[in-house]
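S.K.: Would you mind keeping the following structure in view while I ask a few things?
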Amino acid sequence: MAFADRIGNLPPDDAMWVCQLFQESMRARMHEAELLEKLQSDETDASGKERQGFDLELAQVALDAAEWLKTLWDVGYMGSGSFPSPPRTAFPMITQEDVLKSSLFARIREGKRPLPFPPPTRRGLPWHDLVEGPVEPHSVESDIVSDDQDTVISVIVEGCPDWRVVEEVDEGTEYVIQHRGKGPLYRLHRDVLFSTLTREPPYWEKQIRFQERGGVRSYTLLWSNHDGTMQEIPLRALSWERAESDAAYWIATNCPEMYGQVSFERVEG
């Protein structure tokens, strides 16, 4: 602005061309400022978006880790080794190997809910596929554990000693077993060369009812109690698949001995 005042003191001929040059210089300078301001704004927005995404990812990892550690404490399973069963006086040491090899942590990171009880293990590692995967025979190594009267009391399958015998179908060759008295039933066929373990089909069938009123969709599990009364369990779901998943989780939490033994009938209206 001081330079603009000095233009007025120039001779008329010089003042004309200097004034035009000065105005063009000011116009270019203002345009440069606008470009720099826009560039800085774009960089700020991009940095903010990147930072927000990074923070959200970190937050999700923190939430998943919290759920993993809570499950380790409440349920007492998962990791490269096996944690002790409750009650506990101190939380076990978590190592990098526990994080990298934990199928539970991987399961939670995939958005799946952890089971409220430990699944069977195969050579020391959690065997979720046996509980939730396709119904198909699995080749296994098995040993029968008997008492002094040669009564079968338990079975060791793939190194897991927590299998209980529910029924001895054929002495020495065929058994119906269950892991820790919770979850699905399995049929174990023992042979000289190898054994096979197959999940039994569901024994019970329960209804899941879908209703839509005023644009609001809702799913409800109809559950019959032992006294004959009916209970309606609201499910937090937006699809049939999620409703069945939530219903299965409710059964696992409230009736673990029936988990994996219930199929669902879809009812609308």
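Residue names in the structure tokens use chain letters A, B, ... in the order shown, residue numbers from 1 in each chain, and ligand numbers from 1 in the order shown.
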Residues near stretch 175-190 of chain A, anyone? I mean within 8 Å using only C-alpha atoms, not counting same-chain ones fewer than 3 positions away, as number ranges by chain.
M.R.: A: 119-120, 131, 142, 155, 162-172, 194-200, 252, 256-261
S.K.: Report as a count of residues only: the residues of stretch 58-196 of chain A with a DSSP assignment of strand (DSSP E), based on the backbone of this structure.
M.R.: 43
S.K.: With a distance cut-off of 9 Å and only C-alpha atoms, select the neighbouring residues of A:Ile153, excluding the residue or stretch itself and same-chain residues fewer than 3 positions from it, and output the selection as a list in words.
M.R.: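 The contact residues come out as Ile144, Val145, Ser146, Asp147, Asp150, Arg164 and Val165 of chain A.
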S.K.: Which residues are near A:Phe210? Cut-off 10 Å, only C-alpha atoms, ignore same chain within fewer than 3 positions. Put them as a JSON list (two decimals) with N, CA, C and O atoms, in the first residue's frame.
M.R.:
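Contents of around17.json, freshly written:
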[["chain", "number", "residue", "atom", "x", "y", "z"],
["A", 207, "GLN", "N", -38.63, -71.99, 16.34],
["A", 207, "GLN", "CA", -39.10, -71.02, 15.35],
["A", 207, "GLN", "C", -38.46, -69.66, 15.58],
["A", 207, "GLN", "O", -38.28, -69.22, 16.72],
["A", 217, "ARG", "N", -38.50, -53.69, 11.11],
["A", 217, "ARG", "CA", -38.32, -55.13, 10.99],
["A", 217, "ARG", "C", -37.82, -55.69, 12.31],
["A", 217, "ARG", "O", -36.97, -55.10, 12.97],
["A", 218, "SER", "N", -38.38, -56.83, 12.69],
["A", 218, "SER", "CA", -37.96, -57.45, 13.95],
["A", 218, "SER", "C", -37.97, -58.97, 13.80],
["A", 218, "SER", "O", -38.79, -59.55, 13.08],
["A", 219, "TYR", "N", -37.04, -59.60, 14.51],
["A", 219, "TYR", "CA", -36.92, -61.05, 14.54],
["A", 219, "TYR", "C", -37.01, -61.50, 16.00],
["A", 219, "TYR", "O", -36.42, -60.88, 16.90],
["A", 220, "THR", "N", -37.74, -62.59, 16.22],
["A", 220, "THR", "CA", -37.95, -63.09, 17.57],
["A", 220, "THR", "C", -37.77, -64.60, 17.60],
["A", 220, "THR", "O", -38.31, -65.31, 16.74],
["A", 221, "LEU", "N", -37.03, -65.08, 18.59],
["A", 221, "LEU", "CA", -36.88, -66.51, 18.81],
["A", 221, "LEU", "C", -37.96, -66.99, 19.76],
["A", 221, "LEU", "O", -38.11, -66.44, 20.86],
["A", 238, "LEU", "N", -30.98, -57.88, 11.24],
["A", 238, "LEU", "CA", -31.61, -57.25, 10.09],
["A", 238, "LEU", "C", -31.78, -58.23, 8.94],
["A", 238, "LEU", "O", -32.24, -57.86, 7.87],
["A", 239, "SER", "N", -31.40, -59.49, 9.17],
["A", 239, "SER", "CA", -31.54, -60.52, 8.14],
["A", 239, "SER", "C", -31.77, -61.86, 8.82],
["A", 239, "SER", "O", -31.53, -62.03, 10.03],
["A", 240, "TRP", "N", -32.25, -62.83, 8.03],
["A", 240, "TRP", "CA", -32.48, -64.16, 8.58],
["A", 240, "TRP", "C", -31.18, -64.79, 9.06],
["A", 240, "TRP", "O", -31.13, -65.45, 10.12],
["A", 243, "ALA", "N", -30.20, -63.28, 12.27],
["A", 243, "ALA", "CA", -31.14, -63.71, 13.31],
["A", 243, "ALA", "C", -30.81, -65.11, 13.80],
["A", 243, "ALA", "O", -30.82, -65.38, 15.01],
["A", 266, "ARG", "N", -38.09, -70.75, 9.86],
["A", 266, "ARG", "CA", -38.37, -69.35, 9.58],
["A", 266, "ARG", "C", -39.86, -69.15, 9.39],
["A", 266, "ARG", "O", -40.47, -69.78, 8.53],
["A", 267, "VAL", "N", -40.42, -68.25, 10.20],
["A", 267, "VAL", "CA", -41.86, -67.98, 10.14],
["A", 267, "VAL", "C", -42.05, -66.48, 9.96],
["A", 267, "VAL", "O", -41.48, -65.69, 10.70],
["A", 268, "GLU", "N", -42.87, -66.11, 8.99],
["A", 268, "GLU", "CA", -43.17, -64.69, 8.75],
["A", 268, "GLU", "C", -44.60, -64.38, 9.19],
["A", 268, "GLU", "O", -45.50, -65.17, 8.98],
["A", 269, "GLY", "N", -44.72, -63.21, 9.81],
["A", 269, "GLY", "CA", -46.05, -62.80, 10.22],
["A", 269, "GLY", "C", -46.29, -62.98, 11.71],
["A", 269, "GLY", "O", -45.51, -63.53, 12.43]]
S.K.: What's around stretch 66-70 of chain A at 8 Å? Count only C-alpha atoms, leave out sequence neighbours fewer than 6 positions away in its own chain, and write the answer as a VMD selection string.
M.R.: chain A and resid 104 to 105 108
S.K.: I'd like to know which of A:Met230, A:Leu115, A:Ala248, A:Ala237 is closest to A:Val216, using only C-alpha atoms.
M.R.: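 Among the listed residues, the smallest separation from A:Val216 belongs to A:Ala237.
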S.K.: Find, counting only C-alpha atoms, the residue in A:Asp129, A:Asp74, A:Asp246, A:Asp14 that gets nearest to A:Phe264.
M.R.: A:Asp246
S.K.: Show me, as a PDB file with all heavy atoms, in the first residue's frame, the residues that have an atom within 8 Å of A:Glu141 when counting only C-alpha atoms, minus same-chain residues fewer than 2 positions from it.
M.R.:
ATOM      1  N   SER A 139     -11.242 -87.254  10.140  1.00  0.00           N
ATOM      2  CA  SER A 139     -10.342 -88.317  10.575  1.00  0.00           C
ATOM      3  C   SER A 139      -9.596 -87.850  11.821  1.00  0.00           C
ATOM      4  O   SER A 139      -8.990 -86.768  11.816  1.00  0.00           O
ATOM      5  CB  SER A 139      -9.350 -88.662   9.466  1.00  0.00           C
ATOM      6  OG  SER A 139     -10.032 -89.175   8.329  1.00  0.00           O
ATOM      7  N   ASP A 143      -8.533 -92.108  21.859  1.00  0.00           N
ATOM      8  CA  ASP A 143      -8.218 -93.109  22.890  1.00  0.00           C
ATOM      9  C   ASP A 143      -9.365 -93.157  23.879  1.00  0.00           C
ATOM     10  O   ASP A 143      -9.942 -92.119  24.248  1.00  0.00           O
ATOM     11  CB  ASP A 143      -6.913 -92.759  23.615  1.00  0.00           C
ATOM     12  CG  ASP A 143      -5.706 -92.847  22.703  1.00  0.00           C
ATOM     13  OD1 ASP A 143      -5.440 -93.940  22.180  1.00  0.00           O
ATOM     14  OD2 ASP A 143      -5.038 -91.810  22.508  1.00  0.00           O
ATOM     15  N   VAL A 157      -9.735 -87.132  22.113  1.00  0.00           N
ATOM     16  CA  VAL A 157      -9.806 -86.941  20.667  1.00  0.00           C
ATOM     17  C   VAL A 157      -8.806 -85.864  20.265  1.00  0.00           C
ATOM     18  O   VAL A 157      -8.869 -84.733  20.759  1.00  0.00           O
ATOM     19  CB  VAL A 157     -11.225 -86.543  20.223  1.00  0.00           C
ATOM     20  CG1 VAL A 157     -11.271 -86.329  18.715  1.00  0.00           C
ATOM     21  CG2 VAL A 157     -12.239 -87.596  20.641  1.00  0.00           C
ATOM     22  N   GLU A 158      -7.897 -86.228  19.390  1.00  0.00           N
ATOM     23  CA  GLU A 158      -6.879 -85.294  18.903  1.00  0.00           C
ATOM     24  C   GLU A 158      -6.149 -84.604  20.058  1.00  0.00           C
ATOM     25  O   GLU A 158      -5.855 -83.408  20.000  1.00  0.00           O
ATOM     26  CB  GLU A 158      -7.503 -84.243  17.987  1.00  0.00           C
ATOM     27  CG  GLU A 158      -8.011 -84.797  16.663  1.00  0.00           C
ATOM     28  CD  GLU A 158      -6.869 -85.283  15.760  1.00  0.00           C
ATOM     29  OE1 GLU A 158      -6.088 -84.438  15.296  1.00  0.00           O
ATOM     30  OE2 GLU A 158      -6.786 -86.505  15.530  1.00  0.00           O
ATOM     31  N   GLY A 159      -5.878 -85.361  21.099  1.00  0.00           N
ATOM     32  CA  GLY A 159      -5.138 -84.831  22.233  1.00  0.00           C
ATOM     33  C   GLY A 159      -5.977 -84.063  23.228  1.00  0.00           C
ATOM     34  O   GLY A 159      -5.457 -83.611  24.253  1.00  0.00           O
ATOM     35  N   PHE A 194      -7.986 -96.059  11.734  1.00  0.00           N
ATOM     36  CA  PHE A 194      -8.284 -94.661  12.018  1.00  0.00           C
ATOM     37  C   PHE A 194      -9.688 -94.539  12.595  1.00  0.00           C
ATOM     38  O   PHE A 194     -10.487 -95.470  12.536  1.00  0.00           O
ATOM     39  CB  PHE A 194      -8.163 -93.800  10.751  1.00  0.00           C
ATOM     40  CG  PHE A 194      -9.124 -94.215   9.657  1.00  0.00           C
ATOM     41  CD1 PHE A 194     -10.389 -93.657   9.575  1.00  0.00           C
ATOM     42  CD2 PHE A 194      -8.749 -95.170   8.719  1.00  0.00           C
ATOM     43  CE1 PHE A 194     -11.271 -94.030   8.574  1.00  0.00           C
ATOM     44  CE2 PHE A 194      -9.630 -95.550   7.713  1.00  0.00           C
ATOM     45  CZ  PHE A 194     -10.885 -94.980   7.637  1.00  0.00           C
ATOM     46  N   SER A 195      -9.977 -93.355  13.146  1.00  0.00           N
ATOM     47  CA  SER A 195     -11.301 -93.059  13.700  1.00  0.00           C
ATOM     48  C   SER A 195     -11.888 -91.874  12.945  1.00  0.00           C
ATOM     49  O   SER A 195     -11.164 -91.050  12.374  1.00  0.00           O
ATOM     50  CB  SER A 195     -11.204 -92.737  15.196  1.00  0.00           C
ATOM     51  OG  SER A 195     -10.626 -93.813  15.916  1.00  0.00           O
TER      52      SER A 195
END
S.K.: Give me, please, the distance in Å between atom CA of A:Pro126 and atom CA of A:Ser102, quoted to one decimal.
M.R.: 8.5 Å
S.K.: To one decimal place, how far is atom CA of A:Leu235 from atom CA of A:Trp204 in Å?
M.R.: 19.2 Å
S.K.: Rank A:Trp73, A:Glu57, A:Arg209, A:Ser245 by their smallest atom-to-atom distance to A:Ile94, using only C-alpha atoms, and report the top residue only.
M.R.: A:Trp73
S.K.: Taking the DSSP secondary structure from the backbone, can you list the residues of stretch 78-205 of chain A that are helix (DSSP H, G or I), as a PDB file with N, CA and C atoms, in the first residue's frame?
M.R.:
ATOM      1  N   GLN A  96       3.578 -62.212  22.203  1.00  0.00           N
ATOM      2  CA  GLN A  96       3.337 -61.969  20.783  1.00  0.00           C
ATOM      3  C   GLN A  96       2.848 -63.239  20.099  1.00  0.00           C
ATOM      4  N   GLU A  97       3.369 -64.384  20.517  1.00  0.00           N
ATOM      5  CA  GLU A  97       2.952 -65.658  19.927  1.00  0.00           C
ATOM      6  C   GLU A  97       1.479 -65.929  20.208  1.00  0.00           C
ATOM      7  N   ASP A  98       1.005 -65.557  21.399  1.00  0.00           N
ATOM      8  CA  ASP A  98      -0.408 -65.743  21.728  1.00  0.00           C
ATOM      9  C   ASP A  98      -1.294 -64.942  20.777  1.00  0.00           C
ATOM     10  N   VAL A  99      -0.883 -63.706  20.470  1.00  0.00           N
ATOM     11  CA  VAL A  99      -1.684 -62.853  19.590  1.00  0.00           C
ATOM     12  C   VAL A  99      -1.681 -63.402  18.169  1.00  0.00           C
ATOM     13  N   LEU A 100      -0.497 -63.775  17.676  1.00  0.00           N
ATOM     14  CA  LEU A 100      -0.380 -64.207  16.289  1.00  0.00           C
ATOM     15  C   LEU A 100      -1.049 -65.554  16.044  1.00  0.00           C
ATOM     16  N   LYS A 101      -1.053 -66.439  17.056  1.00  0.00           N
ATOM     17  CA  LYS A 101      -1.582 -67.785  16.864  1.00  0.00           C
ATOM     18  C   LYS A 101      -2.992 -67.971  17.421  1.00  0.00           C
ATOM     19  N   SER A 103      -6.635 -68.178  17.383  1.00  0.00           N
ATOM     20  CA  SER A 103      -7.756 -68.228  16.445  1.00  0.00           C
ATOM     21  C   SER A 103      -8.944 -67.440  16.972  1.00  0.00           C
ATOM     22  N   LEU A 104      -9.036 -67.277  18.289  1.00  0.00           N
ATOM     23  CA  LEU A 104     -10.107 -66.456  18.853  1.00  0.00           C
ATOM     24  C   LEU A 104      -9.939 -65.000  18.448  1.00  0.00           C
ATOM     25  N   PHE A 105      -8.712 -64.466  18.557  1.00  0.00           N
ATOM     26  CA  PHE A 105      -8.482 -63.082  18.172  1.00  0.00           C
ATOM     27  C   PHE A 105      -8.752 -62.893  16.680  1.00  0.00           C
ATOM     28  N   ALA A 106      -8.308 -63.871  15.871  1.00  0.00           N
ATOM     29  CA  ALA A 106      -8.586 -63.808  14.436  1.00  0.00           C
ATOM     30  C   ALA A 106     -10.083 -63.862  14.180  1.00  0.00           C
ATOM     31  N   ARG A 107     -10.781 -64.654  14.953  1.00  0.00           N
ATOM     32  CA  ARG A 107     -12.238 -64.789  14.816  1.00  0.00           C
ATOM     33  C   ARG A 107     -12.928 -63.458  15.136  1.00  0.00           C
ATOM     34  N   ILE A 108     -12.503 -62.806  16.209  1.00  0.00           N
ATOM     35  CA  ILE A 108     -13.095 -61.526  16.601  1.00  0.00           C
ATOM     36  C   ILE A 108     -12.789 -60.458  15.560  1.00  0.00           C
ATOM     37  N   ARG A 109     -11.577 -60.454  15.001  1.00  0.00           N
ATOM     38  CA  ARG A 109     -11.211 -59.476  13.982  1.00  0.00           C
ATOM     39  C   ARG A 109     -12.036 -59.663  12.717  1.00  0.00           C
ATOM     40  N   HIS A 128     -12.771 -74.553  15.930  1.00  0.00           N
ATOM     41  CA  HIS A 128     -14.083 -73.945  15.681  1.00  0.00           C
ATOM     42  C   HIS A 128     -14.804 -74.613  14.521  1.00  0.00           C
ATOM     43  N   ASP A 129     -14.066 -75.031  13.530  1.00  0.00           N
ATOM     44  CA  ASP A 129     -14.699 -75.608  12.347  1.00  0.00           C
ATOM     45  C   ASP A 129     -15.471 -76.875  12.689  1.00  0.00           C
ATOM     46  N   LEU A 130     -15.024 -77.602  13.683  1.00  0.00           N
ATOM     47  CA  LEU A 130     -15.742 -78.809  14.092  1.00  0.00           C
ATOM     48  C   LEU A 130     -17.115 -78.455  14.645  1.00  0.00           C
ATOM     49  N   VAL A 131     -17.216 -77.306  15.307  1.00  0.00           N
ATOM     50  CA  VAL A 131     -18.472 -76.890  15.936  1.00  0.00           C
ATOM     51  C   VAL A 131     -19.390 -76.192  14.945  1.00  0.00           C
ATOM     52  N   GLU A 132     -18.816 -75.361  14.065  1.00  0.00           N
ATOM     53  CA  GLU A 132     -19.642 -74.492  13.229  1.00  0.00           C
ATOM     54  C   GLU A 132     -19.496 -74.754  11.735  1.00  0.00           C
TER      55      GLU A 132
END
S.K.: By how many Å are atom CA of A:Lys206 and atom CA of A:Trp223 apart?
M.R.: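 Those two atoms sit 6.8 Å apart.
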